[in-house]
$ cat run15.tsv   # TSV, C-alpha atoms
chain	number	residue	atom	x	y	z
A	672	MET	CA	-30.45	89.63	-91.99
A	673	ASN	CA	-33.95	89.88	-93.44
A	674	ARG	CA	-33.66	93.62	-93.72
A	675	ARG	CA	-30.45	93.19	-95.65
A	676	SER	CA	-32.00	90.74	-98.15
A	677	GLU	CA	-34.99	93.08	-98.58
A	678	SER	CA	-32.71	95.99	-99.37
A	679	ASP	CA	-30.74	93.78	-101.77
A	680	ALA	CA	-33.97	92.84	-103.52
A	681	THR	CA	-35.00	96.48	-103.73
A	682	ALA	CA	-31.63	97.41	-105.14
A	683	GLY	CA	-31.96	94.58	-107.67
A	684	GLU	CA	-35.43	95.78	-108.72
A	685	SER	CA	-34.16	99.29	-109.05
A	686	ARG	CA	-31.26	98.17	-111.26
A	687	SER	CA	-33.63	96.12	-113.35
A	688	ASP	CA	-36.01	99.11	-113.67
A	689	GLN	CA	-33.13	101.30	-114.77
A	690	LEU	CA	-32.03	98.74	-117.35
A	691	VAL	CA	-35.52	98.36	-118.81
A	692	TRP	CA	-35.93	102.14	-118.86
A	693	LEU	CA	-32.64	102.44	-120.72
A	694	ALA	CA	-33.67	99.67	-123.12
A	695	LEU	CA	-37.06	101.28	-123.72
A	696	ARG	CA	-35.48	104.60	-124.65
A	697	TYR	CA	-32.98	102.76	-126.85
A	698	TYR	CA	-35.83	101.01	-128.68
A	699	LEU	CA	-37.80	104.25	-129.03
A	700	ASP	CA	-34.76	106.16	-130.36
A	701	GLU	CA	-34.89	108.47	-127.38
A	702	LEU	CA	-31.33	108.03	-126.15
A	703	PRO	CA	-28.60	110.52	-127.00
A	704	GLN	CA	-26.29	109.12	-129.70
A	705	GLU	CA	-23.36	108.35	-127.40
A	706	GLU	CA	-25.54	106.65	-124.81
A	707	ALA	CA	-27.27	104.63	-127.54
A	708	ALA	CA	-23.89	103.47	-128.87
A	709	ARG	CA	-22.78	102.48	-125.37
A	710	PHE	CA	-25.97	100.49	-124.80
A	711	ALA	CA	-25.66	98.84	-128.22
A	712	SER	CA	-22.16	97.62	-127.42
A	713	ARG	CA	-23.35	96.41	-124.02
A	714	LEU	CA	-26.09	94.42	-125.77
A	715	GLU	CA	-23.47	92.42	-127.64
A	716	GLU	CA	-22.29	90.63	-124.53
A	717	ASP	CA	-24.79	91.24	-121.76
A	718	PRO	CA	-27.76	88.81	-121.68
A	719	GLN	CA	-29.42	90.95	-119.00
A	720	ALA	CA	-29.41	93.92	-121.34
A	721	GLN	CA	-30.81	91.71	-124.12
A	722	GLN	CA	-33.61	90.55	-121.83
A	723	ALA	CA	-34.30	94.12	-120.78
A	724	LEU	CA	-34.62	95.08	-124.44
A	725	ALA	CA	-36.94	92.13	-125.06
A	726	GLU	CA	-39.08	93.17	-122.12
A	727	ALA	CA	-39.19	96.81	-123.19
A	728	VAL	CA	-40.22	95.95	-126.77
A	729	GLN	CA	-42.86	93.47	-125.59
A	730	LEU	CA	-44.24	96.08	-123.23
A	731	CYS	CA	-44.56	98.49	-126.14
A	732	LEU	CA	-46.25	95.88	-128.37
A	733	TYR	CA	-48.75	94.98	-125.65
A	734	VAL	CA	-49.47	98.60	-124.74
A	735	GLU	CA	-50.09	99.29	-128.44
A	736	ALA	CA	-52.47	96.32	-128.65
A	737	ALA	CA	-54.22	97.35	-125.42
A	738	CYS	CA	-54.76	100.90	-126.66
A	739	GLN	CA	-56.03	99.63	-130.01
A	740	SER	CA	-58.59	97.28	-128.53
A	741	VAL	CA	-59.98	99.65	-125.93
A	742	PRO	CA	-62.18	101.94	-128.09
A	743	ALA	CA	-64.68	99.08	-128.34
A	744	ARG	CA	-65.30	99.45	-124.61
A	745	ALA	CA	-67.32	102.48	-123.70
A	746	GLY	CA	-66.50	104.86	-120.90
A	747	THR	CA	-62.75	104.37	-120.69
A	748	THR	CA	-60.02	106.78	-121.53
A	749	VAL	CA	-57.28	104.38	-122.62
A	750	GLY	CA	-56.51	104.98	-126.27
A	751	ALA	CA	-59.47	107.30	-126.67
A	752	SER	CA	-57.53	110.31	-127.84
A	753	THR	CA	-56.39	108.92	-131.18
A	754	PRO	CA	-57.52	111.01	-134.13
A	755	GLY	CA	-60.01	109.62	-136.60
A	756	ARG	CA	-62.34	108.05	-134.04
A	757	SER	CA	-64.91	110.84	-133.99
A	758	SER	CA	-66.71	109.44	-137.06
A	759	ALA	CA	-68.40	106.68	-135.03
A	760	TRP	CA	-71.70	108.66	-135.04
A	761	TRP	CA	-72.19	108.21	-138.80
A	762	PRO	CA	-73.35	104.59	-138.63
A	763	ALA	CA	-75.66	105.50	-135.74
A	764	LEU	CA	-77.18	108.32	-137.77
A	765	ALA	CA	-77.61	106.05	-140.77
A	766	MET	CA	-79.27	103.42	-138.60
A	767	ALA	CA	-81.62	106.04	-137.12
A	768	ALA	CA	-82.60	107.13	-140.63
A	769	VAL	CA	-83.18	103.56	-141.72
A	770	VAL	CA	-85.34	102.92	-138.64
A	771	LEU	CA	-87.39	106.05	-139.37
A	772	VAL	CA	-88.00	105.10	-142.98
A	773	LEU	CA	-88.69	101.51	-141.93
A	774	ALA	CA	-91.28	102.82	-139.49
A	775	LEU	CA	-92.90	104.76	-142.33
A	776	GLY	CA	-92.87	101.56	-144.35
A	777	VAL	CA	-94.65	99.70	-141.57
A	778	LEU	CA	-97.23	102.48	-141.51
A	779	ARG	CA	-97.80	102.04	-145.19
A	780	LEU	CA	-98.18	98.30	-144.72
A	781	GLY	CA	-100.68	98.94	-141.95
A	782	LEU	CA	-102.79	101.33	-144.07
A	783	PRO	CA	-104.73	98.62	-145.93
A	784	ARG	CA	-106.22	97.55	-142.62
A	785	ARG	CA	-108.17	100.82	-142.50
A	786	PRO	CA	-111.61	101.00	-144.13
A	787	ALA	CA	-110.63	103.63	-146.73
A	788	ALA	CA	-107.66	101.64	-148.00
A	789	PRO	CA	-107.89	98.99	-150.74
A	790	GLU	CA	-108.06	95.33	-149.69
A	791	PRO	CA	-104.66	93.64	-149.31
A	792	ILE	CA	-103.94	90.95	-151.87
A	793	PRO	CA	-102.79	87.73	-150.22
A	794	GLY	CA	-99.78	85.76	-151.42
A	795	HIS	CA	-96.02	85.73	-151.06
A	796	GLN	CA	-95.27	87.60	-154.25
A	797	GLN	CA	-97.47	90.57	-153.40
A	798	ALA	CA	-96.08	90.90	-149.89
A	799	ALA	CA	-92.53	90.53	-151.13
A	800	ALA	CA	-93.19	93.15	-153.80
A	801	THR	CA	-94.52	95.55	-151.17
A	802	TRP	CA	-91.50	94.99	-148.94
A	803	GLN	CA	-89.16	95.21	-151.89
A	804	GLY	CA	-90.72	98.57	-152.66
A	805	GLU	CA	-90.06	99.69	-149.09
A	806	ALA	CA	-86.50	98.48	-149.36
A	807	GLU	CA	-86.01	100.50	-152.52
A	808	LEU	CA	-87.55	103.50	-150.82
A	809	VAL	CA	-85.06	103.18	-147.96
A	810	GLN	CA	-82.18	102.92	-150.38
A	811	THR	CA	-83.33	105.88	-152.45
A	812	TRP	CA	-83.90	108.02	-149.42
A	813	VAL	CA	-80.54	107.21	-147.93
A	814	ARG	CA	-78.81	107.76	-151.27
A	815	LEU	CA	-80.25	111.26	-151.44
A	816	GLN	CA	-78.68	112.17	-148.09
A	817	PRO	CA	-75.19	113.76	-148.03
A	818	TRP	CA	-73.68	110.90	-146.07
A	819	SER	CA	-70.62	108.80	-146.31
A	820	ASP	CA	-70.33	105.62	-148.37
A	821	ASP	CA	-70.52	103.59	-145.17
A	822	ALA	CA	-73.98	104.86	-144.40
A	823	GLU	CA	-75.08	104.05	-147.95
A	824	THR	CA	-73.71	100.52	-147.72
A	825	ALA	CA	-75.40	100.00	-144.36
A	826	ALA	CA	-78.68	101.20	-145.82
A	827	GLU	CA	-78.35	98.90	-148.83
A	828	GLN	CA	-77.72	95.96	-146.53
A	829	SER	CA	-80.73	96.94	-144.43
A	830	GLY	CA	-82.86	97.09	-147.57
A	831	GLU	CA	-81.86	93.60	-148.63
A	832	GLU	CA	-82.44	92.29	-145.13
A	833	LEU	CA	-85.83	93.96	-145.15
A	834	ALA	CA	-86.93	92.07	-148.27
A	835	GLU	CA	-85.62	88.78	-146.89
A	836	ASP	CA	-87.33	89.41	-143.56
A	837	ALA	CA	-90.58	90.09	-145.37
A	838	LEU	CA	-90.47	86.74	-147.12
A	839	LEU	CA	-89.61	84.98	-143.87
A	840	ALA	CA	-92.35	86.78	-141.98
A	841	GLU	CA	-94.85	85.95	-144.70
A	842	ALA	CA	-93.88	82.28	-144.66
A	843	GLU	CA	-94.19	82.17	-140.86
A	844	SER	CA	-97.52	83.89	-140.94
A	845	ASP	CA	-98.82	81.39	-143.55
A	846	ALA	CA	-97.68	78.51	-141.41
A	847	MET	CA	-99.54	79.83	-138.37
A	848	GLU	CA	-102.63	80.86	-140.28
A	849	THR	CA	-105.62	78.61	-139.68
A	850	ALA	CA	-108.42	80.51	-141.50
A	851	GLY	CA	-109.04	83.91	-143.09
A	852	GLU	CA	-106.49	86.62	-143.66
A	853	PRO	CA	-103.34	86.86	-141.56
A	854	GLU	CA	-103.27	89.46	-138.83
A	855	ALA	CA	-100.74	92.28	-139.27
A	856	ALA	CA	-98.38	92.34	-136.31
A	857	VAL	CA	-98.42	96.12	-135.90
A	858	PRO	CA	-99.27	97.26	-132.36
A	859	PRO	CA	-101.80	100.09	-132.10
A	860	TRP	CA	-99.39	102.42	-130.30
A	861	LEU	CA	-97.03	102.18	-133.23
A	862	LEU	CA	-99.79	103.11	-135.68
A	863	VAL	CA	-100.63	106.19	-133.59
A	864	ALA	CA	-96.99	107.19	-133.34
A	865	LEU	CA	-96.40	106.60	-137.01
A	866	ASP	CA	-99.43	108.66	-137.95
A	867	ALA	CA	-97.82	111.59	-136.21
A	868	VAL	CA	-94.46	110.95	-137.89
A	869	GLY	CA	-96.16	110.55	-141.26
A	870	GLU	CA	-97.92	113.88	-140.94
A	871	GLN	CA	-94.64	115.57	-140.06
A	872	ALA	CA	-92.71	113.88	-142.81
A	873	GLY	CA	-95.25	114.78	-145.52
A	874	GLU	CA	-96.62	112.71	-148.33
A	875	SER	CA	-93.54	112.98	-150.53
A	876	MET	CA	-91.88	110.22	-148.48
A	877	MET	CA	-94.68	107.82	-149.18
A	878	THR	CA	-95.10	108.30	-152.89
A	879	PRO	CA	-92.62	106.70	-155.28
B	1456	MET	CA	-39.37	101.82	-160.84
B	1457	ALA	CA	-38.86	99.26	-163.61
B	1458	ASP	CA	-39.43	96.37	-161.20
B	1459	GLY	CA	-42.65	97.91	-159.97
B	1460	ARG	CA	-41.31	99.14	-156.64
B	1461	GLN	CA	-42.34	102.42	-155.18
B	1462	PRO	CA	-39.80	105.23	-155.59
B	1463	GLY	CA	-37.16	105.16	-152.91
B	1464	THR	CA	-38.42	101.94	-151.35
B	1465	SER	CA	-35.20	99.96	-151.67
B	1466	GLU	CA	-33.15	102.86	-150.28
B	1467	GLN	CA	-35.55	103.23	-147.39
B	1468	LEU	CA	-35.42	99.51	-146.71
B	1469	GLU	CA	-31.65	99.54	-146.82
B	1470	GLN	CA	-31.59	102.42	-144.38
B	1471	LEU	CA	-34.06	100.65	-142.11
B	1472	TYR	CA	-31.92	97.50	-142.25
B	1473	ARG	CA	-28.77	99.43	-141.31
B	1474	GLN	CA	-30.64	101.20	-138.54
B	1475	GLU	CA	-32.68	98.34	-137.10
B	1476	ALA	CA	-31.10	94.98	-137.95
B	1477	GLN	CA	-28.72	94.97	-135.00
B	1478	ARG	CA	-31.27	96.25	-132.51
B	1479	LEU	CA	-33.86	93.80	-133.80
B	1480	HIS	CA	-31.31	91.00	-133.48
B	1481	TYR	CA	-30.70	91.82	-129.81
B	1482	PHE	CA	-34.41	92.03	-129.14
B	1483	VAL	CA	-35.01	88.58	-130.65
B	1484	LEU	CA	-31.93	87.27	-128.88
B	1485	GLY	CA	-33.45	88.47	-125.60
B	1486	VAL	CA	-36.56	86.43	-126.40
B	1487	LEU	CA	-34.94	83.29	-127.82
B	1488	ARG	CA	-31.45	83.28	-126.22
B	1489	ASP	CA	-30.16	81.57	-129.35
B	1490	PRO	CA	-27.95	83.70	-131.64
B	1491	GLN	CA	-28.43	81.53	-134.76
B	1492	ALA	CA	-32.20	81.37	-134.39
B	1493	ALA	CA	-32.29	85.11	-133.71
B	1494	ALA	CA	-30.36	85.78	-136.91
B	1495	ASP	CA	-32.80	83.61	-138.88
B	1496	VAL	CA	-35.82	85.40	-137.41
B	1497	VAL	CA	-34.35	88.79	-138.32
B	1498	GLN	CA	-33.83	87.61	-141.92
B	1499	VAL	CA	-37.41	86.35	-142.12
B	1500	ALA	CA	-38.78	89.60	-140.71
B	1501	PHE	CA	-36.90	91.71	-143.25
B	1502	ALA	CA	-37.90	89.37	-146.09
B	1503	ARG	CA	-41.55	89.79	-145.07
B	1504	LEU	CA	-41.06	93.54	-144.88
B	1505	MET	CA	-39.80	93.61	-148.48
B	1506	GLU	CA	-43.04	91.97	-149.58
B	1507	GLN	CA	-45.04	94.70	-147.84
B	1508	ARG	CA	-44.46	97.51	-150.29
B	1509	VAL	CA	-47.55	99.48	-149.41
B	1510	LEU	CA	-46.51	99.88	-145.80
B	1511	ARG	CA	-46.09	103.51	-144.73
B	1512	PRO	CA	-42.45	104.30	-143.87
B	1513	GLU	CA	-43.32	105.45	-140.34
B	1514	ALA	CA	-45.16	102.16	-139.71
B	1515	ARG	CA	-42.31	99.92	-140.87
B	1516	LYS	CA	-40.33	99.76	-137.66
B	1517	SER	CA	-43.28	98.76	-135.51
B	1518	TRP	CA	-44.40	96.25	-138.14
B	1519	LEU	CA	-40.92	94.74	-138.32
B	1520	TYR	CA	-40.76	94.18	-134.56
B	1521	ARG	CA	-44.26	92.70	-134.49
B	1522	VAL	CA	-43.38	90.22	-137.25
B	1523	ALA	CA	-40.07	89.30	-135.62
B	1524	TYR	CA	-41.80	88.84	-132.27
B	1525	ARG	CA	-44.42	86.58	-133.82
B	1526	GLU	CA	-41.74	84.54	-135.57
B	1527	ALA	CA	-39.78	84.20	-132.34
B	1528	LEU	CA	-42.84	83.10	-130.38
B	1529	ASP	CA	-43.75	80.62	-133.13
B	1530	LEU	CA	-40.28	79.18	-132.96
B	1531	LEU	CA	-40.39	78.89	-129.18
B	1532	ARG	CA	-43.78	77.17	-129.25
B	1533	ARG	CA	-42.70	74.82	-132.03
B	1534	ARG	CA	-39.71	73.84	-129.93
B	1535	ASN	CA	-41.86	73.31	-126.86
B	1536	ARG	CA	-44.35	71.29	-128.88
B	1537	GLN	CA	-41.60	69.20	-130.44
B	1538	GLY	CA	-40.13	68.56	-127.02
B	1539	ARG	CA	-43.47	67.38	-125.74
B	1540	MET	CA	-44.12	65.37	-128.88
B	1541	HIS	CA	-40.85	63.49	-128.60
B	1542	LEU	CA	-42.03	62.31	-125.22
B	1543	ARG	CA	-45.52	61.46	-126.49
B	1544	LYS	CA	-44.25	59.63	-129.58
B	1545	ALA	CA	-42.46	57.20	-127.38
B	1546	MET	CA	-45.82	56.38	-125.80
B	1547	THR	CA	-48.42	56.70	-128.62
B	1548	PRO	CA	-47.47	57.10	-132.28
B	1549	GLY	CA	-49.95	59.21	-134.32
B	1550	PRO	CA	-50.31	62.06	-136.83
B	1551	GLU	CA	-48.72	65.38	-135.90
B	1552	ALA	CA	-50.93	68.26	-134.84
B	1553	PRO	CA	-51.48	70.87	-137.61
B	1554	GLN	CA	-49.43	74.06	-137.38
B	1555	VAL	CA	-51.45	77.04	-136.26
B	1556	GLU	CA	-50.02	80.52	-136.59
B	1557	THR	CA	-49.37	82.10	-133.23
B	1558	PRO	CA	-51.47	85.15	-132.47
B	1559	LEU	CA	-49.16	88.12	-132.04
B	1560	VAL	CA	-50.55	89.04	-128.66
B	1561	ARG	CA	-52.62	86.97	-126.31
B	1562	GLN	CA	-55.96	88.46	-125.42
B	1563	GLU	CA	-55.70	87.78	-121.71
B	1564	LEU	CA	-52.35	89.55	-121.61
B	1565	VAL	CA	-53.79	92.50	-123.51
B	1566	GLN	CA	-56.53	92.69	-120.90
B	1567	GLN	CA	-53.94	92.60	-118.12
B	1568	VAL	CA	-52.09	95.47	-119.77
B	1569	GLN	CA	-55.34	97.40	-120.19
B	1570	ALA	CA	-56.12	96.95	-116.51
B	1571	ALA	CA	-52.59	98.02	-115.59
B	1572	LEU	CA	-52.89	101.10	-117.81
B	1573	GLU	CA	-56.19	102.04	-116.25
B	1574	LYS	CA	-54.60	101.94	-112.80
B	1575	LEU	CA	-52.01	104.53	-113.81
B	1576	PRO	CA	-52.58	108.15	-112.84
B	1577	GLU	CA	-54.05	110.04	-115.79
B	1578	PRO	CA	-50.93	112.20	-116.55
B	1579	GLN	CA	-48.74	109.06	-116.69
B	1580	ARG	CA	-51.23	107.11	-118.78
B	1581	ARG	CA	-51.49	109.99	-121.20
B	1582	VAL	CA	-47.73	110.12	-121.74
B	1583	VAL	CA	-47.62	106.33	-122.27
B	1584	GLN	CA	-50.38	106.51	-124.88
B	1585	MET	CA	-48.87	109.47	-126.68
B	1586	ARG	CA	-45.39	107.94	-126.80
B	1587	ILE	CA	-46.14	104.28	-127.50
B	1588	TYR	CA	-49.53	104.28	-129.21
B	1589	GLN	CA	-49.43	107.59	-131.05
B	1590	GLY	CA	-45.68	107.45	-131.69
B	1591	LYS	CA	-44.92	111.02	-130.64
B	1592	THR	CA	-41.45	111.82	-129.35
B	1593	PHE	CA	-40.98	112.89	-125.74
B	1594	ALA	CA	-40.00	116.36	-126.96
B	1595	ALA	CA	-43.21	116.64	-129.02
B	1596	ILE	CA	-45.29	115.43	-126.06
B	1597	ALA	CA	-43.65	118.00	-123.78
B	1598	ARG	CA	-44.48	120.75	-126.30
B	1599	GLU	CA	-48.05	119.55	-126.72
B	1600	LEU	CA	-48.70	119.25	-123.00
B	1601	ASN	CA	-46.78	122.43	-122.29
B	1602	GLU	CA	-44.66	120.63	-119.69
B	1603	PRO	CA	-40.88	120.45	-119.21
B	1604	LEU	CA	-39.24	117.50	-120.97
B	1605	GLY	CA	-37.97	116.22	-117.61
B	1606	THR	CA	-41.53	116.02	-116.29
B	1607	VAL	CA	-42.66	114.00	-119.29
B	1608	LEU	CA	-39.69	111.64	-118.97
B	1609	GLY	CA	-40.32	111.29	-115.23
B	1610	ARG	CA	-43.96	110.35	-115.84
B	1611	MET	CA	-43.01	107.78	-118.44
B	1612	HIS	CA	-40.33	106.29	-116.20
B	1613	ALA	CA	-42.76	106.04	-113.28
B	1614	ALA	CA	-45.43	104.52	-115.56
B	1615	VAL	CA	-43.03	101.89	-116.90
B	1616	LYS	CA	-42.06	100.90	-113.36
B	1617	LYS	CA	-45.72	100.54	-112.35
B	1618	LEU	CA	-46.57	98.58	-115.49
B	1619	ARG	CA	-43.70	96.20	-114.79
B	1620	ARG	CA	-44.92	95.67	-111.21
B	1621	SER	CA	-48.48	95.04	-112.43
B	1622	LEU	CA	-47.31	92.56	-115.03
B	1623	GLN	CA	-44.65	90.84	-112.96
B	1624	ASN	CA	-46.10	87.36	-113.33
B	1625	TRP	CA	-47.02	87.38	-116.98
B	1626	ASN	CA	-45.41	85.01	-119.44
B	1627	PRO	CA	-45.95	85.76	-123.12
B	1628	TYR	CA	-43.90	82.71	-124.12
B	1629	GLU	CA	-46.38	80.09	-122.88
$ encode --input "run15.tsv" --output "structure tokens"
Amino acid sequence: MNRRSESDATAGESRSDQLVWLALRYYLDELPQEEAARFASRLEEDPQAQQALAEAVQLCLYVEAACQSVPARAGTTVGASTPGRSSAWWPALAMAAVVLVLALGVLRLGLPRRPAAPEPIPGHQQAAATWQGEAELVQTWVRLQPWSDDAETAAEQSGEELAEDALLAEAESDAMETAGEPEAAVPPWLLVALDAVGEQAGESMMTP
Amino acid sequence: MADGRQPGTSEQLEQLYRQEAQRLHYFVLGVLRDPQAAADVVQVAFARLMEQRVLRPEARKSWLYRVAYREALDLLRRRNRQGRMHLRKAMTPGPEAPQVETPLVRQELVQQVQAALEKLPEPQRRVVQMRIYQGKTFAAIARELNEPLGTVLGRMHAAVKKLRRSLQNWNPYE
């Protein structure tokens, strides 16, 4: 008795699979003309066929959405083979360039702390002007590169953020300052590393 | 051209209407099970399509079904909400909840489908992606993969069966 109901259920599933498969090919225009016409006339009076079509179309819509949202997750193959996705390295390259030039900017900011350099002038306006100069340097440097518009926009945004960050940092440093000049928050290892980068990059990067 | 339409747009729309209106109607009918409401949704979907003049012709069909599906789900949810509100009104009268547009697809269902796709064997998953996501025909897929058409169809059929089993308990109409 049980075996019979199991086989009935299996037969029902199989019929349902066949109907959805038929409906899917009908929706995708993959049925031969005669078969498509037969299925269309069946749809007029068969609610099961209508439901099968609804299920097939929904499956397609959800698969489309699933494939579209997957590229954000790394290391999976679903939806990864769509053309036009290989340009994701451009923003990374632009960011790397911005970080490099920013590092050079930090080096330049750190230079006044050395004996040979002129004394830093305290005050918000001077610090903001220095950072603004760095921001402009970043923008100019990025603009000179043969990159896409996206990279340029990203660099411009970074430049603006840089100037804003400078003002914020300066305000914070003033608030914490108890006496004397504020300490520059540049770790020694960074100065050593940036010296090496600066020598490789040449002086042309540092002069306006 | 005089009314600002792109060349051939009205002819293409007319052709799309002739080709898709009936099929779209049956799809919406399968969702709503209400012939009059289904007819209304189809009209709304085509009216929206006419406003979308910049849509690429090859993207129109998919867009049309997405819009119709959203309209149908909105209608179902409005009905459910109204049903519940009739009951609530009898108990506590108050202002109606604001209408919020239904998201086309629900994120948790998309994640279920993603998980189901990832469980498929690679050859089946590839055919599903190429046919549904990239919109290639089975014949084009067979040529590209250098496989017989029957093999490609068999993979798709098997994949659809497995996806249905994986998603047996889902309910997009909630």
$ closest_residue --input "run15.tsv" --among "B:Gln1477, B:Gln1498, B:Thr1606, B:Asn1535" --to "chain A" --atoms "only C-alpha atoms"
B:Gln1477
$ interface_residues --input "run15.tsv" --of "chain A" --to "chain B" --cutoff "9 Å" --atoms "all atoms listed in the file" --output "MDAnalysis selection string"
chainID A and resid 688:689 691:692 697:701 711 714:715 718:741 747:750 752:753
$ atom_distance --input "run15.tsv" --atom1 "atom CA of B:Leu1600" --atom2 "atom CA of B:Pro1576"
15.5 Å
$ atom_distance --input "run15.tsv" --atom1 "atom CA of B:Leu1575" --atom2 "atom CA of B:Val1607"
14.4 Å
$ atom_distance --input "run15.tsv" --atom1 "atom CA of B:Leu1604" --atom2 "atom CA of A:Pro703"
14.1 Å
$ axis_aligned_box --input "run15.tsv" --around "stretch 1603-1612 of chain B" --padding-each-side "6 Å" --output "JSON"
{"center_x": -41.0, "center_y": 113.4, "center_z": -118.1, "size_x": 18.0, "size_y": 26.2, "size_z": 17.7}
$ build_atoms --input "run15.tsv" --residues "stretch 1513-1534 of chain B" --atoms "N, CA and C atoms" --output "short mmCIF file (atom, residue, chain, number, x, y, z; two decimals), keeping the file's coordinate frame"
data_model
loop_
_atom_site.label_atom_id
_atom_site.label_comp_id
_atom_site.auth_asym_id
_atom_site.auth_seq_id
_atom_site.Cartn_x
_atom_site.Cartn_y
_atom_site.Cartn_z
N GLU B 1513 -43.32 105.26 -141.79
CA GLU B 1513 -43.32 105.45 -140.34
C GLU B 1513 -43.88 104.23 -139.60
N ALA B 1514 -44.58 103.34 -140.36
CA ALA B 1514 -45.16 102.16 -139.71
C ALA B 1514 -44.23 100.96 -139.81
N ARG B 1515 -43.14 101.11 -140.58
CA ARG B 1515 -42.31 99.92 -140.87
C ARG B 1515 -41.61 99.36 -139.65
N LYS B 1516 -41.09 100.25 -138.81
CA LYS B 1516 -40.33 99.76 -137.66
C LYS B 1516 -41.21 98.91 -136.75
N SER B 1517 -42.37 99.47 -136.41
CA SER B 1517 -43.28 98.76 -135.51
C SER B 1517 -43.71 97.43 -136.12
N TRP B 1518 -43.99 97.46 -137.43
CA TRP B 1518 -44.40 96.25 -138.14
C TRP B 1518 -43.31 95.19 -138.08
N LEU B 1519 -42.08 95.65 -138.31
CA LEU B 1519 -40.92 94.74 -138.32
C LEU B 1519 -40.78 94.03 -136.97
N TYR B 1520 -40.90 94.78 -135.89
CA TYR B 1520 -40.76 94.18 -134.56
C TYR B 1520 -41.92 93.23 -134.27
N ARG B 1521 -43.11 93.59 -134.73
CA ARG B 1521 -44.26 92.70 -134.49
C ARG B 1521 -44.05 91.37 -135.20
N VAL B 1522 -43.59 91.45 -136.46
CA VAL B 1522 -43.38 90.22 -137.25
C VAL B 1522 -42.27 89.38 -136.61
N ALA B 1523 -41.19 90.04 -136.22
CA ALA B 1523 -40.07 89.30 -135.62
C ALA B 1523 -40.52 88.65 -134.31
N TYR B 1524 -41.32 89.37 -133.55
CA TYR B 1524 -41.80 88.84 -132.27
C TYR B 1524 -42.68 87.61 -132.51
N ARG B 1525 -43.55 87.72 -133.51
CA ARG B 1525 -44.42 86.58 -133.82
C ARG B 1525 -43.59 85.37 -134.26
N GLU B 1526 -42.60 85.63 -135.11
CA GLU B 1526 -41.74 84.54 -135.57
C GLU B 1526 -41.01 83.88 -134.39
N ALA B 1527 -40.52 84.73 -133.50
CA ALA B 1527 -39.78 84.20 -132.34
C ALA B 1527 -40.68 83.36 -131.46
N LEU B 1528 -41.91 83.86 -131.21
CA LEU B 1528 -42.84 83.10 -130.38
C LEU B 1528 -43.22 81.79 -131.05
N ASP B 1529 -43.43 81.86 -132.39
CA ASP B 1529 -43.75 80.62 -133.13
C ASP B 1529 -42.65 79.59 -132.96
N LEU B 1530 -41.42 80.08 -133.08
CA LEU B 1530 -40.28 79.18 -132.96
C LEU B 1530 -40.22 78.55 -131.56
N LEU B 1531 -40.42 79.41 -130.55
CA LEU B 1531 -40.39 78.89 -129.18
C LEU B 1531 -41.48 77.84 -128.97
N ARG B 1532 -42.67 78.12 -129.48
CA ARG B 1532 -43.78 77.17 -129.25
C ARG B 1532 -43.57 75.88 -130.03
N ARG B 1533 -43.00 76.05 -131.25
CA ARG B 1533 -42.70 74.82 -132.03
C ARG B 1533 -41.71 73.95 -131.27
N ARG B 1534 -40.72 74.61 -130.69
CA ARG B 1534 -39.71 73.84 -129.93
C ARG B 1534 -40.35 73.15 -128.74
#
